[in-house]
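Trainee: Got a structure for you, written out below as structure tokens; questions coming shortly.
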Amino acid sequence: MRDILSRLRGMLGRRHNVRAHFWQSAANYLSQFVGLIMSLVLARLLTPEQFGQFAFVVALFAILLVLIPGASGMGQILISSGGREPALFYKIRYLIYRFLIVESALGGMLALYFFISARPVEGWLAIGLVGAHIITRPAGVYRCDLEAKGEFKPIFIFTFWSVLASGIASILLAATGAGVYSLLAGVLIGAILSRWVFMAWDPRRKISHPLSKGEALVFFRTSIWTWIVGFASTVQGRADRVVVGGALSERDLGYYSRGINFSPLSYLLLQSFMGNAATSSYARAVDDAHRLRILAKTCALVFTGAALNFTLWFYFSDPLVPLLFGPQWTGAIPVFTALAGLAFCFALRDIPTTFLLGQKKFRLMAGLNLASTGLFLAGILFYRDGLTIVSTAYILQASMAVPGSIVLVAIAVHFGFKRYQHEA
């Protein structure tokens, strides 16, 4: 009887996982398809320098946000609960509003720095990003709560309207000469829609939910590891843009950002298998065997897509880049070729991360991301005198692939040995 109930739970869990992946995959496909079309149009209306200017401010703001200990890990704690702790939502939301005060102050300081440095465009971009963050930060808690429960249909609805509305607004503004501000407009519209979709219809309005000292200490101990993960991944994912924008030029950063954003197409299309839907699946798995089946299927699917992605950009970047984005982006061809394997590297970093997060192995997950970030920073320092956008691309990929490969093999060996012991 116990075996029958276990199989029934496994079957229902798999159906729930399929639904979760369906809606998040649908959201990803829609986002990437519409986003690609909108970006193709914007690439012909804006210059690489304008894209680089926007990417530089976004990168600096993102790095500032993760400097606050514990702040960036709250959402992951909620997701890793698998929706089994209803009271956790209120506690996380209470903390998020407190963190938001500090985050807004840091964003204001960044804007002030740009204005003092006689860079008013960057200053207004920073102010706009702070405004968008103030809107989206609370809505993110509601979104994480849905993801923890495996409910991804509202996220699809948000993605549909957000991508469409923000894309159209950005294109119209760019066509009328708004320049780099057209990119900011898309971010602001997406922020407003996130608040409407995730918060407007949710009855949970009361914010006050004071924590005892003991509860606050427990949250800090847990969140410090998820914060380290967020800090490491953000530094790794944004520091390269700061390095390129600061050491080279805004044009180079525009080329580099274009390559980073569009070369890993298979990763973007299959991101639900390496994101919060995957974390929720691992957290809800009945047993280790079920988790390993999910992991094996994920690896087979994602690495097959990455192989196709590599073939596309490594052999066909030369004709595809100017065809898709316009002749002014010809300088990005070497970046796309160098980043042909980026989908592999993202997978090697994110598959072990989501697996460990789903089992609440926060320390191991933090160690993986710290090792990856450390390798990246060491590579940048070692090659600092001869740094180019191509060498930066290779350093970034190596820093993700090496630690990720080691952890993925370690997971397989650990559970394989555990299964062998059980059968023996």
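Chain labels follow the order of the structure tokens: the first chain is A, the next B, and so on; residue numbering restarts at 1 in every chain, and ligands are counted from 1 in their shown order.
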Quick one: residues within 7 Å of stretch 314-324 of chain A, only C-alpha atoms counted, chain neighbours fewer than 3 positions away excluded, as a PyMOL selection string?

Mentor: chain A and resi 40+310-311+327+329-330+333+336-337+340

Trainee: When distances are computed from only C-alpha atoms, which of A:Gly128, A:Asn309, A:Met274, A:Pro48 shows the smallest separation from A:Gly331?

Mentor: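 For A:Gly331, the nearest of the given residues is A:Pro48.
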
Trainee: Hey, can you check how far atom CA of A:Thr136 sits from atom CA of A:Leu265?

Mentor: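 Computing the Euclidean distance for atom CA of A:Thr136 and atom CA of A:Leu265 yields 25.9 Å.
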
Trainee: Quick one: distance from atom CA of A:Val130 to atom CA of A:Leu88 in Å, one decimal?

Mentor: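 It comes out at 26.5 Å.
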
Trainee: Which residues are close to A:Ile127, i.e. within 9 Å by only C-alpha atoms, leaving aside same-chain residues fewer than 3 positions away? Reply as a PyMOL selection string.

Mentor: chain A and resi 107-108+110-111+122-124+130-132

Trainee: Have a look at A:Leu381, A:Ala126, A:Leu368, A:Ala347 and name the one nearest to A:Thr298; count only C-alpha atoms.

Mentor: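 Checking each candidate against A:Thr298, we get A:Ala347 as the closest.
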
Trainee: Check the smallest atom-to-atom distance from each of A:Lys91, A:Arg137, A:Arg258, A:Arg251 to A:Phe198 using only C-alpha atoms, then report the winner.

Mentor: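 Answer, going by the shortest atom-to-atom distance: A:Arg137.
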
Trainee: Neighbours of A:Ile192 within 10 Å (only C-alpha atoms; same-chain residues fewer than 3 positions away dropped), as a list in words?

Mentor: Ala132, Ile135, Thr136, Ala139, Ser162, Val187, Leu188, Ile189, Arg195, Trp196 and Val197 of chain A

Trainee: Could you check how far atom CA of A:Leu42 sits from atom CA of A:Gly245, in Å to one decimal?

Mentor: 20.4 Å

Trainee: I need the residues of stretch 103-347 of chain A that end up classed as helix (DSSP H, G or I) by DSSP on the backbone, written out as a PyMOL selection string.

Mentor: chain A and resi 103-116+120-148+153-175+181-199+213-247+250-262+265-269+271-274+276-284+288-325+327-338+342-347

Trainee: I'd like to know which of A:Ser117, A:Ser166, A:Asn261, A:Thr159 is closest to A:Val335, using only C-alpha atoms.

Mentor: A:Asn261

Trainee: Near A:Trp161, counting only C-alpha atoms, which residues have an atom at most 9 Å away, once you skip same-chain residues fewer than 4 positions from it, shown as a ChimeraX atom specification?

Mentor: /A:156-157,165-166,190,193

Trainee: Tell me which of A:Leu46, A:Cys299, A:Ser263, A:Ser257 sits closest to A:Gly177, counting only C-alpha atoms.

Mentor: A:Leu46

Trainee: Closest to A:Ser194 among A:Leu339, A:Ile155, A:Ile294, A:Cys345, using only C-alpha atoms?

Mentor: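 Closest to A:Ser194 of all the choices is A:Ile155.
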